Structures are given as structure tokens and as C-alpha cells.
Amino acid sequence: MLYSIIVSAGLENVAREELSERFGNTGHLKNLERKPQRLIFQYTGNPRELLSLRTAEHLFLILKQMPKMTRSRSSLAALSGSLTHFNFKEMSECCRQVGINIRKRTLFHVTSRLSGKRNFRRIDLQRVVEQALLKRGWHLNSGRSALDVWAEVHGNDGYISVRLSGNDMAQRPYKQAHIPASLKPTVAYSMVRLSRPHPTDVFLDAMCGAGTILLERALMGRYDYLIGGDVSMDALNATVANFGRKHRPRQFFQWDARKLPMQQDSVDKIVCNLPFGETIGNLPQLTNLYRYTLREFARVLKPRGRMVLLTSQRTTLDDELERLHFLDVRQRLTVDVRGKKAWIYLIRFA
Ligand SMILES: C[S@@+](CC[C@H](N)C(=O)[O-])C[C@H]1O[C@@H](n2cnc3c(N)ncnc32)[C@H](O)[C@@H]1O
């Protein structure tokens, strides 16, 4: 069966790594293909297992894939025409395995997405797919039990898929308390992955907000110690609430990250979502925050440690990094954080 997962823009390679690492040696995963914001792959195992992927926003079963979509309306007709043949039994079985039961009277609705210049509109795409499924005897219905069929055209590719994940695939049960600038767990997970977690890690998020990064690290496997801090007591209370009694040893501090009460060379990994402009005030204040925080990070990080930082203030971070020539940016990913361009930096000592 052919599946796809949707991931945040810029995190496709991290998602590919997760998928390969978790399912690559099961013998069930084949032909993994990377596209913008999605991975497409064949998988012969139980799709329920794919729902545990931590980089994925949605999981789909692809009913039809058309590799040569053009601008013209004729390619639209070809895409919907392809729906005359697909293996309904396989689809039903796959849906059943993730808890979606398809009755004899198949209810469905269509979600359509379109990018690039076309001689047809998104609604045209939606309508032709609806018509093709009505012709198969399916019934249009907007209720919760209806199958969510997605019709998409991006670049040269057209896809007709069934969504297997609920709206909560990218959400996490631990996230009960929130703060305004809280990070998406899928992005937090990806940042933690880039830090190359190790069982002996002393792991620090010095501006931890609601604790998303720390919790993703805690859930990723063994560690030696988790340390979180924030200048805001509200944020720390949210972290404490989200942790509950689980995940020890850990310690949280109210502090100013520009002056960490920690010893030199005491931390293996620092992963941190730096405050963005609007939340911190004006540019000089932000520059000051980045300057002194970076110095503190460099002081407490062990010589072979890793720092993974997220910011949407690229110029400010670049300027400050340039002053610290003993730090080396090993990787920089452009990502989308709530519709805004941001960058994840992987930094080590030069
Ligand atoms: C972008 S938010 C982090 C969100 C967090 N990753 C999450 O998912 O909830 C930035 C955090 O930095 C904190 N902060 C701002 N200035 C700080 C400082 N000087 N020292 C420590 N924390 C600071 C803010 O209170 C805020 O919680």
C-alpha cells in the first residue's frame, strides 16, 4: 500500500530519518520518496504503527497518484478518471486497522488542495473527484463518520488519498497547559532529533516556555538529566503542569538565560526556541538577549556538545554568531513556524 505523511516545510529530511530509523529494518518500508512537505512510501505493515510518527502532521493512504499533472483541464479529468479502478477491499482493511470502519453505504467528503498555475480551480478539482466517487455509489456527507478524501495537485503530482489520522496526530496528550508562543510538538521533536539524543545527555532548554522541547526529549529515550528554565513564572508553571509526575530526574528554574547559575562545561545538549521579535520588545533588547544568552550557552556547553536553536530573527542570530568565531554553524534549516519563516541552527564548537 502507498502512504504519505505531511510534515512541516523544511523538516522533510528529519521526517525521512525518523521513518527510516523506525521502520527501515522491519522489511515493511520501501521506495521512500521526498516531496515538499510530504514523504511518500510503500509500507506493508499495520498502518496503525505509522500513527506514532512524531514528525508527521497527517497520515494518508494514497488511492491514486498521477505523476504528470499539467495546467490543463484534461489532466484533471485523467486524475478523476483514475478513480474508476482502485482496490476498495484493501482500502477498507487499511481503514479498519486504524479504527475507521467503512460501512456498505460509503459516506465521504472531499478536501481539495491546489498549488501552482492551473487552468482549473480548486473547487473544480473537488467537484470532479466528488463526481467520480458518486459514480462508484458512494454518498456525499459532511458528518464525522464520513471518509475524508483528499484531492491534491502540487507541481507535477496529483494525489487522491484517504486521511487515516485524526486531527490530533500532531498534538500530544502531555500538552495541557499552554503559553502564547508555544512550539508545535512536531518542530520541537525535530529539533531534539537534530541534537542526536544520547542516554548520558544532560539536556538544557534555558527558555523552556511550556516545556515542549523538554518533554519531546523526555519521550525520546533515556537521558541523564533534564534542566529547564524561563524568566516567566507563568511559563514555568505550564512546564510543571505538562510534566506532571513523570520524567525524572529533572529540575526547573526561574532565571534569566543571560546569567545561568550553572557550571562551565556542564551540559551535553542545548535545544532552545529563542524568543522572536514581537514578544521581546525592540531590536536592541533582542540583540542584547541573543548576545548574552549565546555566550552563556557556549560557556555551559561541553566541548563536544551540540546546540540546536530556533529563531525567526536570522540576521540578529547570524550577527551574534559571527562575533563568537569559536562556534560553528553545522546546519541551518529553513522551516515554517505558524506561517512564519524561521531557521533551525545546529551549532557546535569549531
Ligand atoms: C518562544 S518561547 C519558548 C516556547 C517553548 N519552546 C514552548 O514550546 O512553549 C520563548 C520563552 O523565552 C522566555 N524568555 C524570554 N526572555 C528570557 C530570558 N532572558 N531568560 C529566560 N527566558 C526568557 C519567555 O518567557 C518564553 O517563555
# chains A, B, ... in the order shown; residues from 1 in each chain; ligands from 1
>>> residues_near_ligand(ligand="ligand 1", cutoff="6 Å", atoms="only C-alpha atoms and all ligand atoms", output="ChimeraX atom specification")
/A:179,181-183,207-213,230-232,235,255-258,273-275
>>> residues_around(residues="region 129-138 of chain A", least_positions_apart="4", cutoff="12 Å", atoms="only C-alpha atoms", output="ChimeraX atom specification")
/A:63-64,76-86,88,102-112,122-125,146-152,158-161
>>> residues_around(residues="region 189-201 of chain A", least_positions_apart="4", cutoff="6 Å", atoms="only C-alpha atoms", output="list in words")
Pro185, Glu216, Arg222, Tyr223, Asp224, Asp268 and Arg306 of chain A
>>> closest_residue(among="A:Arg295, A:Arg54, A:Arg127, A:Lys35", to="Glu320 (chain A)", atoms="only C-alpha atoms")
A:Arg295
>>> atom_distance(atom1="CA of Cys95 (chain A)", atom2="CA of Pro36 (chain A)")
25.5 Å
>>> closest_residue(among="A:Ala56, A:Val335, A:Ile270, A:Val300", to="Ile347 (chain A)", atoms="only C-alpha atoms")
A:Ile270
>>> closest_residue(among="A:Thr186, A:Asn87, A:Ser165, A:Gln126", to="Ala15 (chain A)", atoms="only C-alpha atoms")
A:Thr186
>>> select_by_dssp(residues="region 62-209 of chain A", states="strand (DSSP E or B)", output="MDAnalysis selection string")
chainID A and resid 62:66 107:114 139:140 147:154 157:163 202:205
>>> decode(residues="region 175-194 of chain A", atoms="N, CA, C and O atoms", output="mmCIF file, in the first residue's frame")
data_model
loop_
_atom_site.group_PDB
_atom_site.id
_atom_site.type_symbol
_atom_site.label_atom_id
_atom_site.label_comp_id
_atom_site.auth_asym_id
_atom_site.auth_seq_id
_atom_site.Cartn_x
_atom_site.Cartn_y
_atom_site.Cartn_z
ATOM 1 N N LYS A 175 0.340 17.969 26.436
ATOM 2 C CA LYS A 175 0.250 19.428 26.334
ATOM 3 C C LYS A 175 -1.096 19.919 26.855
ATOM 4 O O LYS A 175 -2.051 20.097 26.107
ATOM 5 N N GLN A 176 -1.161 20.105 28.157
ATOM 6 C CA GLN A 176 -2.393 20.560 28.797
ATOM 7 C C GLN A 176 -2.342 22.059 29.060
ATOM 8 O O GLN A 176 -3.314 22.749 28.896
ATOM 9 N N ALA A 177 -1.178 22.538 29.488
ATOM 10 C CA ALA A 177 -1.030 23.974 29.773
ATOM 11 C C ALA A 177 -0.283 24.622 28.609
ATOM 12 O O ALA A 177 0.649 24.044 28.059
ATOM 13 N N HIS A 178 -0.721 25.814 28.226
ATOM 14 C CA HIS A 178 -0.134 26.477 27.049
ATOM 15 C C HIS A 178 0.387 27.857 27.416
ATOM 16 O O HIS A 178 -0.081 28.470 28.358
ATOM 17 N N ILE A 179 1.332 28.344 26.615
ATOM 18 C CA ILE A 179 1.731 29.752 26.690
ATOM 19 C C ILE A 179 1.614 30.294 25.266
ATOM 20 O O ILE A 179 1.617 29.501 24.303
ATOM 21 N N PRO A 180 1.525 31.610 25.069
ATOM 22 C CA PRO A 180 1.254 32.148 23.732
ATOM 23 C C PRO A 180 2.220 31.692 22.626
ATOM 24 O O PRO A 180 1.772 31.320 21.562
ATOM 25 N N ALA A 181 3.537 31.688 22.866
ATOM 26 C CA ALA A 181 4.468 31.370 21.772
ATOM 27 C C ALA A 181 4.904 29.911 21.782
ATOM 28 O O ALA A 181 5.982 29.570 21.313
ATOM 29 N N SER A 182 4.056 29.049 22.300
ATOM 30 C CA SER A 182 4.440 27.652 22.444
ATOM 31 C C SER A 182 4.718 26.993 21.088
ATOM 32 O O SER A 182 4.063 27.289 20.100
ATOM 33 N N LEU A 183 5.678 26.098 21.105
ATOM 34 C CA LEU A 183 6.161 25.492 19.857
ATOM 35 C C LEU A 183 5.332 24.267 19.496
ATOM 36 O O LEU A 183 4.873 23.540 20.370
ATOM 37 N N LYS A 184 5.186 24.054 18.183
ATOM 38 C CA LYS A 184 4.494 22.840 17.741
ATOM 39 C C LYS A 184 5.332 21.633 18.151
ATOM 40 O O LYS A 184 6.545 21.599 17.896
ATOM 41 N N PRO A 185 4.715 20.603 18.740
ATOM 42 C CA PRO A 185 5.494 19.437 19.178
ATOM 43 C C PRO A 185 6.277 18.781 18.043
ATOM 44 O O PRO A 185 7.371 18.270 18.273
ATOM 45 N N THR A 186 5.754 18.788 16.819
ATOM 46 C CA THR A 186 6.489 18.160 15.711
ATOM 47 C C THR A 186 7.813 18.896 15.446
ATOM 48 O O THR A 186 8.827 18.265 15.134
ATOM 49 N N VAL A 187 7.794 20.224 15.591
ATOM 50 C CA VAL A 187 9.022 21.004 15.378
ATOM 51 C C VAL A 187 9.973 20.779 16.560
ATOM 52 O O VAL A 187 11.185 20.592 16.375
ATOM 53 N N ALA A 188 9.402 20.754 17.778
ATOM 54 C CA ALA A 188 10.223 20.506 18.971
ATOM 55 C C ALA A 188 10.896 19.139 18.854
ATOM 56 O O ALA A 188 12.096 18.987 19.117
ATOM 57 N N TYR A 189 10.135 18.144 18.438
ATOM 58 C CA TYR A 189 10.687 16.788 18.272
ATOM 59 C C TYR A 189 11.839 16.821 17.260
ATOM 60 O O TYR A 189 12.901 16.211 17.485
ATOM 61 N N SER A 190 11.635 17.519 16.149
ATOM 62 C CA SER A 190 12.661 17.559 15.102
ATOM 63 C C SER A 190 13.939 18.221 15.619
ATOM 64 O O SER A 190 15.048 17.781 15.305
ATOM 65 N N MET A 191 13.772 19.278 16.417
ATOM 66 C CA MET A 191 14.952 19.945 16.980
ATOM 67 C C MET A 191 15.697 18.984 17.910
ATOM 68 O O MET A 191 16.928 18.907 17.891
ATOM 69 N N VAL A 192 14.937 18.259 18.716
ATOM 70 C CA VAL A 192 15.574 17.297 19.632
ATOM 71 C C VAL A 192 16.320 16.242 18.832
ATOM 72 O O VAL A 192 17.450 15.867 19.154
ATOM 73 N N ARG A 193 15.715 15.772 17.768
ATOM 74 C CA ARG A 193 16.382 14.765 16.911
ATOM 75 C C ARG A 193 17.716 15.276 16.396
ATOM 76 O O ARG A 193 18.703 14.559 16.355
ATOM 77 N N LEU A 194 17.719 16.574 15.994
ATOM 78 C CA LEU A 194 18.954 17.156 15.451
ATOM 79 C C LEU A 194 20.053 17.240 16.513
ATOM 80 O O LEU A 194 21.228 17.369 16.182
#
